[in-house]
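I have placed the structure first, in the form of structure tokens, so that the comments after it can refer back to it.
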Amino acid sequence: MLMAIDEDRPVSTPNPAPLDLDLVRTFVTICEAGNFSRAAERVGRTPSAVSLQVKRLEERLGRALFLRRPRTIVPTADGEALLGLGRRLLAVNDEVVAFFEAPPMEGRVRFGAPNDSGLFTLPAMLRRFAVTHPQVQVDVRLDASKALREACREGALDLVLYTGAAGANREATVVQAEDLVWVGLEGGLAEARRPLPLALCNSGCAWRAAALDALDGAGIPYRIAYSSEHCQGQIAAVEADLAVAPLPMNVARRPFRRLTDLPPLGGYDVLLRLRDGAGPAAKALAGHVAASVREVSGSGGRLFA
């Protein structure tokens, strides 16, 4: 006997089992740390426990997430996809938890960030914080990293985000590590000119010092063709094919490219520092700032560019 089917009735489908966020967090940490040992230190587990977590996550998703190579690990294509999705998933989870766990808070936070980060990271940071702490006033100051660091040390700012080297800034927390590379226009001619035309930030910039030291060490003649307070000026000069510039790796996308024939520049850290005695509002904002920086960097957005 055939039974009539009600075509208007929705067909029920089983809900997929939720992902274990602890496994996702460990996976993201491994990708950011570069190997299992460093990731294990960050999450407070043994390397074997971290490896077991990855195995459980791969079994749950039915995909291989890493290519195992000597001394390093490389995400597969599925792993790269999960990295971006996982960061977003963790960011939303942390935002939900912060909303319901954070006590009502009022007050004022004086926050400083590098000049150019305001174009890319500040909107997400402030929007995220306003959702969970609508009664807190945030005063923002954009300035050079050196000035921000000194202002925080002197108590003029409660919280600062800046660039530098972790070893020389033990009072700060490393939020993200970035590669500094030479960037030129794709198909451009500036890199072939001698002396090499450079677009640099003003004196006192760590990227400027790294670039000049690298060229001096390699014996490559150069001239400073353009100087700018913000690196948007550098980017404009590169886009016009008037110069090359030391910039974060994430800038090296079309219409730009990384110049590998010039001497390496190393990297730098994105650092977060709270002033001594900072209150709970500043500490709460620090968590949102760190999450936003990692989210922007992980999504391929320009971070401090």
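For the structure tokens, the naming scheme is as follows: chains receive sequential letters (A, B, ...) according to their order of presentation, residues are indexed from 1 within each chain, and ligands are indexed from 1 in presentation order.
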message: With only C-alpha atoms as the counted atoms, please give the residues lying no more than 9 Å from Ala98 (chain A), apart from itself and same-chain residues fewer than 5 positions off, as a PyMOL selection string.
response: chain A and resi 93+132+284
Shell of 6 Å around Ala113 (chain A), only C-alpha atoms, local chain residues under 4 positions omitted, as an MDAnalysis selection string: chainID A and resid 142 160:161
Contacts of Gly79 (chain A) within 9 Å, only C-alpha atoms, excl. fewer than 5 positions in-chain, as number ranges by chain: A: 27, 31, 63-66, 74, 84
message: So that I can see what lies close to Leu274 (chain A), please list as a ChimeraX atom specification the residues with an atom at most 10 Å from it, counting only C-alpha atoms and leaving out residues fewer than 5 positions away in the same chain.
response: /A:111,149,152-153,155,157-161,171-173,279,282-283,286
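The interatomic distance for the pair CA of Arg141 (chain A) and CA of Arg273 (chain A) works out to 14.4 Å.
In terms of minimum interatomic distance to Ser145 (chain A), A:Gly112 ranks closest within A:Gly112, A:Ala190, A:Arg170, A:Ala130, counting only C-alpha atoms.
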task: Might you pull out every residue within 10 Å of Thr260 (chain A), with only C-alpha atoms counted and same-chain residues fewer than 6 positions away left off, and present them as a ChimeraX atom specification?
output: /A:181-183
Restricting the output to C-alpha atoms, write the selected residues as a PDB file, in the first residue's frame.
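As a result, out24.pdb now contains:
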```pdb
ATOM      1  CA  VAL A 181      59.258  41.781   3.592  1.00  0.00           C
ATOM      2  CA  TRP A 182      60.276  43.909   0.651  1.00  0.00           C
ATOM      3  CA  VAL A 183      57.254  44.881  -1.434  1.00  0.00           C
TER       4      VAL A 183
END
```
task: Can you check which residues of region 162-242 of chain A DSSP gives as alpha helix (DSSP H) on the backbone and send them as number ranges by chain?
output: A: 206-218, 231-239
Restricting it to C-alpha atoms, dump the selection as a compact mmCIF listing (two decimals), in the first residue's frame.
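Wrote out-v7.txt, looks like this:
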```txt
# COMPACT_ATOMS: atom_id res chain seq x y z
CA ALA A 206 61.79 49.97 13.39
CA TRP A 207 60.93 48.90 9.83
CA ARG A 208 63.06 51.74 8.44
CA ALA A 209 66.03 50.70 10.56
CA ALA A 210 65.66 47.04 9.54
CA ALA A 211 65.56 47.97 5.85
CA LEU A 212 68.63 50.21 5.94
CA ASP A 213 70.63 47.72 8.02
CA ALA A 214 69.78 44.90 5.59
CA LEU A 215 70.80 46.90 2.51
CA ASP A 216 74.00 48.17 4.15
CA GLY A 217 74.92 44.62 5.13
CA ALA A 218 74.33 43.37 1.57
CA CYS A 231 52.87 53.61 5.72
CA GLN A 232 49.94 54.46 3.48
CA GLY A 233 52.39 56.91 1.93
CA GLN A 234 54.82 54.06 1.35
CA ILE A 235 52.11 51.98 -0.28
CA ALA A 236 51.17 54.85 -2.59
CA ALA A 237 54.79 55.24 -3.75
CA VAL A 238 55.08 51.49 -4.39
CA GLU A 239 51.79 51.41 -6.32
```
task: Provide the CA of Leu23 (chain A) to CA of Val92 (chain A) distance in Å, to one decimal place.
output: 15.7 Å
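Residues in contact range of Ile224 (chain A), defined as at most 8 Å between only C-alpha atoms, with sequence neighbours fewer than 5 positions away removed, read A:Pro197, A:Leu198, A:Ala199, A:Leu200.
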message: Could you list, as a ChimeraX atom specification, every residue within 6 Å of Phe256 (chain A), counting only C-alpha atoms and ignoring same-chain residues fewer than 4 positions away?
response: /A:184-186,252
For those residues, write C-alpha atoms to a file as a CSV table (one decimal), in the first residue's frame.
```
chain,number,residue,atom,x,y,z
A,184,GLY,CA,57.2,46.2,-5.0
A,185,LEU,CA,54.7,46.7,-7.8
A,186,GLU,CA,53.9,43.5,-9.7
A,252,ALA,CA,52.3,41.6,-0.7
```
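Closest approach to Glu106 (chain A) among A:Arg193, A:Leu90, A:Pro280, A:Leu67: A:Pro280, based on only C-alpha atoms.
Among the candidates A:Thr72, A:Ser292, A:Asn169, A:Thr46, the one nearest to Arg128 (chain A) when counting only C-alpha atoms is A:Ser292.
CA of Leu180 (chain A) to CA of Gly267 (chain A) spans 4.8 Å [interatomic distance, one decimal].
Distances here use only C-alpha atoms; by that measure, the residue among A:Ile30, A:Ala156, A:Val138, A:Leu82 closest to Pro47 (chain A) is A:Ile30.
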field: Selected residue, from A:Asp22, A:Ala151, A:Tyr268, A:Phe36, that lies nearest to Arg69 (chain A) when counting only C-alpha atoms
entry: A:Phe36
- prompt: Would you give me, as an NGL selection string, the residues in region 10-158 of chain A that DSSP reads as strand (DSSP E)?
  reply: :A and (66-69 or 72-75 or 107-114 or 136-143)
